[in-house]
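The next block is coords-v7.cif, given as mmCIF, C-alpha atoms.
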data_final
#
loop_
_atom_site.label_atom_id
_atom_site.label_comp_id
_atom_site.auth_asym_id
_atom_site.auth_seq_id
_atom_site.Cartn_x
_atom_site.Cartn_y
_atom_site.Cartn_z
CA MET A 1 113.31 71.38 80.02
CA TYR A 2 113.96 70.80 83.71
CA PHE A 3 111.23 68.22 84.21
CA GLU A 4 110.13 66.21 81.17
CA THR A 5 108.81 62.95 79.84
CA LYS A 6 109.86 61.40 76.54
CA ASP A 7 107.69 58.87 74.74
CA LEU A 8 106.12 57.93 78.09
CA ALA A 9 103.49 55.19 77.95
CA VAL A 10 101.15 54.52 80.88
CA GLY A 11 98.43 51.99 81.57
CA TYR A 12 97.44 48.90 83.52
CA ASN A 13 98.29 45.19 83.31
CA GLY A 14 100.68 45.81 80.45
CA ARG A 15 98.00 47.48 78.30
CA PRO A 16 98.68 51.10 77.34
CA LEU A 17 96.06 53.71 78.18
CA ILE A 18 98.02 56.71 76.86
CA GLU A 19 101.19 56.61 74.78
CA HIS A 20 103.74 59.04 73.31
CA ILE A 21 103.53 61.45 76.25
CA ASP A 22 106.10 64.19 75.60
CA ILE A 23 105.60 66.98 78.10
CA GLY A 24 107.90 69.25 80.08
CA ILE A 25 108.31 72.38 82.16
CA ARG A 26 111.19 74.67 83.10
CA LYS A 27 112.51 74.88 86.66
CA GLY A 28 110.17 76.91 88.83
CA GLY A 29 107.30 76.41 86.41
CA ILE A 30 103.85 74.90 86.88
CA LEU A 31 102.51 72.21 84.54
CA CYS A 32 98.84 71.30 84.82
CA LEU A 33 96.97 68.32 83.38
CA ILE A 34 93.33 68.94 82.49
CA GLY A 35 90.75 66.73 80.82
CA PRO A 36 87.52 64.83 81.41
CA ASN A 37 87.03 62.28 84.19
CA GLY A 38 88.65 58.97 83.36
CA SER A 39 90.93 60.45 80.73
CA GLY A 40 94.09 59.26 82.45
CA LYS A 41 95.40 62.31 84.31
CA SER A 42 95.90 60.41 87.56
CA THR A 43 97.44 57.49 85.69
CA ILE A 44 100.06 59.80 84.20
CA LEU A 45 100.87 61.36 87.58
CA ARG A 46 101.09 58.00 89.35
CA SER A 47 103.40 56.72 86.65
CA ILE A 48 105.63 59.79 87.01
CA THR A 49 105.90 59.22 90.77
CA ARG A 50 106.34 55.43 90.37
CA HIS A 51 103.18 54.61 92.32
CA LEU A 52 102.31 52.85 89.06
CA ALA A 53 104.88 51.18 86.80
CA LYS A 54 105.24 53.00 83.47
CA LEU A 55 104.98 50.89 80.32
CA GLY A 56 107.71 52.70 78.42
CA GLY A 57 109.57 55.92 77.93
CA VAL A 58 111.58 58.17 80.22
CA VAL A 59 110.78 60.55 83.09
CA SER A 60 113.65 62.85 83.96
CA ILE A 61 114.58 65.80 86.17
CA ASP A 62 117.43 68.02 85.00
CA GLY A 63 118.46 65.30 82.56
CA ARG A 64 118.52 62.50 85.17
CA ASP A 65 116.36 59.45 84.45
CA LEU A 66 114.25 58.75 87.55
CA SER A 67 113.87 55.04 86.86
CA GLY A 68 117.33 54.24 88.22
CA LEU A 69 116.81 55.94 91.58
CA SER A 70 116.09 54.10 94.83
CA ASN A 71 112.82 54.93 96.59
CA ARG A 72 114.72 56.99 99.15
CA ALA A 73 116.61 58.90 96.46
CA LEU A 74 113.39 59.45 94.49
CA ALA A 75 111.69 60.86 97.59
CA LYS A 76 114.42 63.51 97.75
CA GLN A 77 113.67 64.50 94.16
CA VAL A 78 109.87 64.22 93.99
CA SER A 79 107.23 64.79 96.65
CA VAL A 80 103.63 63.73 96.16
CA VAL A 81 100.18 64.81 97.29
CA LEU A 82 97.72 62.30 95.84
CA THR A 83 93.93 62.26 95.64
CA GLY A 84 92.01 60.83 98.55
CA ARG A 85 91.22 61.66 102.13
CA VAL A 86 94.10 60.82 104.45
CA ASP A 87 93.13 60.32 108.10
CA PRO A 88 96.08 58.96 110.07
CA GLU A 89 94.73 57.95 113.46
CA LEU A 90 96.12 59.56 116.62
CA LEU A 91 98.73 61.69 114.80
CA THR A 92 99.15 65.39 115.36
CA CYS A 93 99.74 67.75 112.46
CA TRP A 94 103.39 68.06 113.50
CA GLU A 95 103.80 64.27 113.30
CA VAL A 96 102.12 64.12 109.87
CA VAL A 97 104.36 66.84 108.48
CA SER A 98 107.46 65.29 110.10
CA ALA A 99 106.91 62.16 108.00
CA GLY A 100 108.21 64.16 105.08
CA ARG A 101 111.71 64.08 106.61
CA TYR A 102 111.98 60.28 106.70
CA PRO A 103 114.01 60.05 103.45
CA TYR A 104 116.73 62.00 105.28
CA THR A 105 116.66 60.27 108.70
CA ASN A 106 118.38 57.16 109.99
CA HIS A 107 116.74 53.74 110.31
CA PHE A 108 115.08 54.79 113.56
CA GLY A 109 113.44 57.80 111.93
CA LYS A 110 114.76 60.20 114.57
CA LEU A 111 114.63 63.87 113.59
CA SER A 112 117.66 66.06 114.13
CA GLN A 113 117.44 69.71 115.13
CA ALA A 114 117.96 70.60 111.48
CA ASP A 115 115.07 68.30 110.49
CA GLU A 116 112.80 69.91 113.09
CA ALA A 117 113.72 73.35 111.78
CA ILE A 118 112.70 72.26 108.27
CA VAL A 119 109.38 70.92 109.61
CA THR A 120 108.71 74.23 111.34
CA ARG A 121 109.62 76.24 108.25
CA SER A 122 107.44 74.06 106.01
CA MET A 123 104.44 74.52 108.29
CA GLU A 124 105.05 78.27 108.41
CA GLN A 125 105.16 78.45 104.61
CA VAL A 126 101.60 77.13 104.31
CA SER A 127 100.28 78.81 107.50
CA VAL A 128 99.60 75.71 109.61
CA LEU A 129 102.20 76.04 112.37
CA GLU A 130 99.50 77.06 114.85
CA LEU A 131 97.92 73.62 114.23
CA ARG A 132 101.05 71.66 115.17
CA GLU A 133 99.49 69.96 118.23
CA HIS A 134 96.01 69.48 116.72
CA PRO A 135 94.93 65.93 115.82
CA PHE A 136 95.04 65.69 112.04
CA VAL A 137 91.68 63.90 111.83
CA GLN A 138 89.90 66.86 113.44
CA LEU A 139 90.92 69.37 110.78
CA SER A 140 88.78 70.77 107.99
CA ASP A 141 89.49 69.63 104.43
CA GLY A 142 91.27 72.89 103.67
CA GLN A 143 93.49 72.58 106.72
CA LYS A 144 94.28 68.94 105.94
CA GLN A 145 95.33 69.82 102.42
CA ARG A 146 97.70 72.51 103.68
CA VAL A 147 99.21 70.09 106.23
CA LEU A 148 99.80 67.51 103.49
CA LEU A 149 101.37 70.24 101.38
CA ALA A 150 103.69 71.04 104.30
CA ARG A 151 104.63 67.35 104.52
CA ALA A 152 105.50 67.37 100.81
CA LEU A 153 107.59 70.53 101.29
CA CYS A 154 109.47 68.83 104.13
CA GLN A 155 111.02 66.49 101.60
CA GLN A 156 112.76 69.51 100.02
CA PRO A 157 111.95 68.15 96.58
CA GLU A 158 112.96 69.41 93.17
CA VAL A 159 109.48 68.60 91.82
CA MET A 160 106.14 68.42 93.62
CA VAL A 161 103.33 66.33 92.11
CA LEU A 162 99.72 66.91 93.19
CA ASP A 163 96.70 64.97 91.96
CA GLU A 164 93.56 67.13 92.03
CA PRO A 165 94.58 68.99 95.20
CA THR A 166 91.47 71.20 95.16
CA SER A 167 88.92 68.36 95.05
CA TYR A 168 87.57 68.79 98.58
CA LEU A 169 88.13 72.51 99.00
CA ASP A 170 85.75 75.47 98.97
CA ILE A 171 86.59 78.43 96.77
CA ARG A 172 88.50 80.31 99.50
CA HIS A 173 90.78 77.37 100.25
CA LYS A 174 91.26 76.62 96.55
CA ILE A 175 92.54 80.15 96.03
CA GLU A 176 94.77 79.95 99.11
CA LEU A 177 96.28 76.62 98.08
CA LEU A 178 96.97 77.62 94.49
CA SER A 179 98.40 80.97 95.61
CA ILE A 180 100.82 79.08 97.86
CA LEU A 181 101.89 76.86 94.94
CA ARG A 182 102.38 79.87 92.68
CA GLY A 183 104.50 81.53 95.37
CA LEU A 184 106.64 78.42 95.93
CA ALA A 185 107.27 78.14 92.20
CA SER A 186 108.13 81.79 91.56
CA GLU A 187 109.99 82.55 94.80
CA GLN A 188 111.75 79.26 95.59
CA GLY A 189 112.08 77.66 92.17
CA LEU A 190 109.93 74.65 93.05
CA THR A 191 108.67 72.87 89.92
CA VAL A 192 105.02 71.83 90.23
CA VAL A 193 103.16 69.17 88.24
CA LEU A 194 99.48 68.77 89.06
CA SER A 195 96.04 67.94 87.73
CA LEU A 196 92.95 70.08 88.15
CA HIS A 197 89.27 69.83 87.29
CA GLU A 198 88.77 73.61 87.30
CA VAL A 199 89.81 74.85 83.88
CA ASP A 200 89.44 78.48 84.95
CA LEU A 201 91.96 77.97 87.77
CA ALA A 202 94.33 76.04 85.52
CA VAL A 203 94.41 78.94 83.06
CA LYS A 204 95.33 81.39 85.82
CA LEU A 205 97.86 79.14 87.56
CA ALA A 206 99.76 77.11 84.99
CA ASP A 207 102.66 77.99 82.74
CA VAL A 208 101.96 74.89 80.65
CA VAL A 209 98.68 72.99 80.30
CA VAL A 210 98.45 69.42 79.04
CA LEU A 211 95.09 68.45 77.56
CA VAL A 212 94.46 64.74 78.12
CA LYS A 213 91.89 62.91 76.01
CA GLY A 214 91.82 59.55 74.26
CA SER A 215 94.94 57.47 73.82
CA THR A 216 97.38 60.34 73.51
CA ILE A 217 98.00 63.93 74.57
CA TYR A 218 95.41 66.15 72.86
CA ARG A 219 97.37 69.40 73.05
CA CYS A 220 100.19 70.85 75.17
CA GLY A 221 101.50 74.38 75.61
CA ALA A 222 100.96 77.72 77.29
CA PRO A 223 97.25 78.09 78.18
CA GLU A 224 96.96 81.35 76.26
CA ASP A 225 98.23 79.57 73.14
CA VAL A 226 96.41 76.22 73.20
CA LEU A 227 93.09 76.92 74.90
CA ASP A 228 90.01 78.43 73.33
CA GLY A 229 86.28 77.83 73.47
CA GLU A 230 86.22 75.36 70.59
CA THR A 231 89.15 73.34 71.99
CA LEU A 232 87.45 73.04 75.39
CA ARG A 233 84.15 72.08 73.76
CA SER A 234 85.90 69.27 71.94
CA LEU A 235 88.04 68.22 74.91
CA TYR A 236 85.07 67.82 77.24
CA ASP A 237 82.48 67.02 74.56
CA ILE A 238 80.31 69.91 75.77
CA ARG A 239 76.80 69.83 74.30
CA GLY A 240 74.37 71.37 76.77
CA GLY A 241 76.07 74.74 77.14
CA ALA A 242 79.47 76.34 76.85
CA PHE A 243 82.56 77.25 78.84
CA ASP A 244 83.78 80.81 78.33
CA LEU A 245 87.55 80.92 78.65
CA LEU A 246 87.68 84.71 78.99
CA LEU A 247 85.31 84.75 81.97
CA GLY A 248 86.14 81.30 83.31
CA SER A 249 82.42 80.59 83.52
CA VAL A 250 80.06 77.83 82.47
CA GLU A 251 76.87 78.87 80.73
CA LEU A 252 73.96 76.49 80.25
CA ARG A 253 72.01 76.39 77.02
CA GLY A 254 69.57 79.25 76.49
CA ALA A 255 65.80 78.77 76.48
CA ALA A 256 64.42 77.48 73.18
CA GLY A 257 61.78 79.24 71.11
CA GLU A 258 61.03 82.67 69.71
CA SER A 259 62.29 85.64 71.71
CA ARG A 260 59.68 87.12 74.05
CA VAL A 261 61.85 89.64 75.90
CA PHE A 262 64.36 92.20 74.66
CA VAL A 263 67.18 93.05 77.09
CA VAL A 264 69.13 96.29 76.80
CA PRO A 265 72.59 95.51 78.27
CA GLY A 266 75.79 97.36 79.09
CA ALA A 267 78.86 97.24 81.38
CA GLY A 268 78.11 93.67 82.49
CA ARG A 269 74.63 94.58 83.80
CA GLY A 270 72.90 92.44 81.21
CA ALA A 271 74.50 89.11 82.18
CA PRO A 272 72.55 88.64 85.48
CA CYS A 273 69.32 89.34 83.60
CA PHE A 274 70.29 86.88 80.85
CA ARG A 275 70.90 84.12 83.37
CA ALA A 276 67.72 84.84 85.31
CA LEU A 277 65.66 84.67 82.11
CA GLN A 278 67.38 81.42 81.11
CA LYS A 279 66.48 79.84 84.46
CA ARG A 280 62.84 80.85 83.97
CA GLY A 281 62.84 79.35 80.47
CA ILE A 282 62.15 82.70 78.76
CA PRO A 283 63.80 83.20 75.34
CA PHE A 284 65.21 86.68 74.80
CA SER A 285 67.06 88.91 72.38
CA THR A 286 69.61 91.52 73.38
CA GLY A 287 71.49 94.53 72.05
CA ILE A 288 73.26 96.62 71.33
CA LEU A 289 76.33 94.72 72.55
CA GLN A 290 79.95 95.84 72.59
CA PRO A 291 82.25 92.94 71.56
CA GLY A 292 84.64 91.61 74.20
CA GLY A 293 82.50 92.56 77.19
CA VAL A 294 80.88 90.32 79.79
CA ASP A 295 77.41 90.81 78.35
CA SER A 296 78.60 89.88 74.88
CA ALA A 297 80.35 86.70 76.11
CA VAL A 298 77.35 85.45 78.10
CA SER A 299 74.79 86.33 75.42
CA HIS A 300 76.43 84.10 72.81
CA THR A 301 75.21 81.00 74.64
CA LEU A 302 71.98 82.24 76.23
CA ALA A 303 70.35 84.69 73.80
CA ALA A 304 68.03 83.69 70.97
CA ARG A 305 69.37 86.62 68.96
CA THR A 306 71.97 89.32 69.52
CA PHE A 307 72.60 92.73 67.98
CA ALA A 308 76.19 93.98 68.25
CA ALA A 309 78.40 96.81 67.07
CA GLU A 310 81.81 96.28 65.55
CA PRO A 311 84.76 96.68 67.97
CA PHE A 312 85.37 100.31 68.95
CA ALA A 313 82.64 101.53 66.62
CA PRO A 314 79.00 102.62 66.89
CA PRO A 315 76.36 100.23 65.52
CA THR A 316 75.59 100.44 61.84
CA ALA A 317 72.29 101.93 60.73
CA ARG A 318 71.07 98.45 59.77
CA THR A 319 72.01 96.91 63.13
CA LEU A 320 70.31 99.77 64.97
CA GLU A 321 67.13 99.47 62.94
CA GLU A 322 66.96 95.69 63.41
CA ALA A 323 67.45 96.10 67.17
CA ARG A 324 64.68 98.75 67.26
CA THR A 325 62.34 96.39 65.43
CA ALA A 326 63.14 93.54 67.84
CA ALA A 327 62.56 95.75 70.91
CA ARG A 328 59.25 97.09 69.59
CA SER A 329 57.97 93.60 68.78
CA ALA A 330 58.91 92.11 72.16
CA GLN A 331 56.32 91.36 74.83
CA CYS A 332 58.42 93.42 77.23
CA VAL A 333 61.77 95.18 77.30
CA VAL A 334 64.25 94.90 80.17
CA ASP A 335 66.50 97.86 81.02
CA SER A 336 69.41 96.16 82.82
CA GLY A 337 70.45 99.37 84.58
CA PHE A 338 73.44 100.02 82.32
CA PRO A 339 75.38 103.26 82.89
CA LEU A 340 74.21 106.09 80.63
CA GLY A 341 76.74 108.06 78.59
CA PRO A 342 77.45 109.58 75.20
CA TYR A 343 78.78 106.31 73.76
CA ASN A 344 75.69 104.20 74.42
CA ARG A 345 72.94 106.65 73.49
CA GLU A 346 71.61 104.07 70.98
CA ASN A 347 70.63 101.79 73.87
CA LEU A 348 68.65 104.61 75.46
CA GLU A 349 66.96 105.12 72.09
CA LEU A 350 65.88 101.48 72.14
CA LEU A 351 64.12 102.04 75.47
CA GLN A 352 62.48 105.20 74.22
CA GLY A 353 61.30 103.46 71.04
CA ALA A 354 59.78 100.62 73.05
CA VAL A 355 57.85 103.08 75.24
CA GLN A 356 56.56 104.87 72.16
CA ALA A 357 55.41 101.54 70.70
CA GLY A 358 53.49 100.72 73.89
CA VAL A 359 55.79 97.87 74.94
CA PRO A 360 56.14 97.48 78.75
CA VAL A 361 59.63 98.57 79.88
CA LEU A 362 61.03 97.18 83.14
CA CYS A 363 63.97 99.12 84.59
CA LEU A 364 66.53 97.82 87.08
CA ARG A 365 67.03 101.29 88.56
CA PRO A 366 65.78 103.34 91.52
CA GLU A 367 64.15 105.71 89.04
CA PRO A 368 63.78 105.78 85.26
CA PRO A 369 66.39 107.44 83.02
CA GLU A 370 65.79 111.11 82.26
CA GLY A 371 63.26 111.54 79.48
CA LEU A 372 61.77 108.07 79.94
CA SER A 373 58.31 107.91 81.47
CA GLY A 374 55.63 105.28 81.95
CA VAL A 375 58.08 102.52 82.94
CA GLN A 376 58.28 100.26 86.01
CA CYS A 377 61.38 100.34 88.22
CA PHE A 378 62.68 97.45 90.32
CA SER A 379 65.41 97.14 92.93
CA THR A 380 66.35 93.48 92.31
CA VAL A 381 66.79 91.27 89.28
CA ARG A 382 64.41 88.71 90.75
CA GLU A 383 61.54 91.17 91.10
CA LEU A 384 62.09 92.41 87.57
CA ILE A 385 62.23 88.92 86.04
CA ASP A 386 59.13 87.85 88.00
CA GLU A 387 57.27 90.70 86.32
CA ALA A 388 58.72 89.78 82.93
CA ALA A 389 57.51 86.20 83.43
CA LYS A 390 53.98 87.46 84.11
CA LEU A 391 54.01 89.70 81.02
CA THR A 392 55.26 86.91 78.76
CA ALA A 393 53.23 84.01 80.16
CA PRO A 394 51.58 81.89 77.43
CA GLY A 395 47.94 82.83 76.84
CA ARG A 396 48.30 86.29 78.34
#
As structure tokens, how would this structure be written, given the file I've shared?
Amino acid sequence: MYFETKDLAVGYNGRPLIEHIDIGIRKGGILCLIGPNGSGKSTILRSITRHLAKLGGVVSIDGRDLSGLSNRALAKQVSVVLTGRVDPELLTCWEVVSAGRYPYTNHFGKLSQADEAIVTRSMEQVSVLELREHPFVQLSDGQKQRVLLARALCQQPEVMVLDEPTSYLDIRHKIELLSILRGLASEQGLTVVLSLHEVDLAVKLADVVVLVKGSTIYRCGAPEDVLDGETLRSLYDIRGGAFDLLLGSVELRGAAGESRVFVVPGAGRGAPCFRALQKRGIPFSTGILQPGGVDSAVSHTLAARTFAAEPFAPPTARTLEEARTAARSAQCVVDSGFPLGPYNRENLELLQGAVQAGVPVLCLRPEPPEGLSGVQCFSTVRELIDEAAKLTAPGR
């Protein structure tokens, strides 16, 4: 491993918070700490960067123990972007970024032409050179974070450590920042160690994830090997819903009670209807689902009952008959607007069976499917679910 810790112990006032921390990443890799608030992610990072004294163990880069380095020598090895809003008064962005060169300057802090060239290049790398004369305090949170990243790059470190760098950013700037980090790692060999709250982003960004919980490391490894729905449920003690790792989405708990609506899904069209029904507190059943799709993933948390085929196979006769019974006994049936084709004819049969049984069918289409009459069509999910709420209202 290029960057690693061995038997690292961290904590406060001589009392360990987390012990036996053995983590590492190759050169040019990205290691990400995830875990609940207060689990100790920031404590680990601050101990790695010596902002907090470690209680034991070793932190090393390329086999070199960092504990013996002077502060100036450490700053040439490790750069840091920590949590918290930084608002240096009266400084321009150029001056903030230039501070990253101080480990290399003389006692007067004067920048050479070579230093200034590195400042310029660092600002160009994160697309903030046009802000060089702007006062730092007048920037948006996204711009500030990129300027601080440029300052860290100015140190020309071997390892960059970032503590929750996306905390104040909107989704656009989160994507931009993490894309920059991924590019620096893959193209320049920069090793990145960071913490994130967004599990979905960590899965897409990191080569190694470290799951922090309790007094030790919960799990550590490639995200595709160590993360699954059950692991995340345990890590975050999730009770009121679920996090779907495949979709990177949080789903709240479905409405309680007996199903009142039957939703016919397909090609991800069912999921918006599922969520709209959940928000209105209307329990529903759904089918026939194809495993591995968006509708299937979302329905597991939200639906009162699901009817699904086996992978790459049509539904069994029993599954089809049970789904027909559920649709015919519903107070209304929702056609999610799924694409019609030869491989989902059973779902069209469910709609036809509901019409024949006199169950109201609400279609999210400009016009009903061919051969289906006596149904209502809607142009938006909201209009359709409003009608479903009326049809399923208690006492109707």
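When you apply the PyMOL selection byres ((chain A and resi 203-209) around 6) to this structure, what comes back is A:Ile30, A:Leu31, A:Cys32, A:Leu33, A:Asp200, A:Leu201, A:Ala202, A:Val210, A:Cys220, A:Gly221, A:Ala222, A:Pro223.
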**Item:** Straight-line distance linking atom CA of Val97 of chain A with atom CA of Lys41 of chain A, stated in Å to one decimal
**Value:**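 Interatomic distance, atom CA of Val97 of chain A to atom CA of Lys41 of chain A: 26.2 Å.
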**Request:** Excluding Ala327 of chain A and residues on its chain fewer than 5 positions from it, collect all residues at most 8 Å away from it, counting only C-alpha atoms, and give them as a ChimeraX atom specification.
**Result:** /A:261-262,332-333,350-351,353-354
**Message:** If we count only C-alpha atoms and set the cut-off at 8 Å, which residues sit around Pro88 of chain A, ignoring sequence neighbours fewer than 4 positions away in its own chain? Please answer as a list in words.
**Reply:**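 That gives Val96, Phe136 and Val137 of chain A.
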Draw an axis-aligned box over all listed atoms of segment 377-380 of chain A, pad each side with 5 Å, and write its centre and edge lengths in Å, one decimal, as AutoDock Vina command-line options.
--center_x 63.9 --center_y 96.9 --center_z 90.6 --size_x 15.0 --size_y 16.9 --size_z 14.7
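You will find atom CA of Ile385 of chain A at 29.3 Å from atom CA of Glu310 of chain A.
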**Request:** Could you tell me which residues the PyMOL selection byres ((chain A and resi 44) around 9) returns for this structure, as a PyMOL selection string?
**Result:** chain A and resi 8-11+18+21+40-43+45-49+52+54
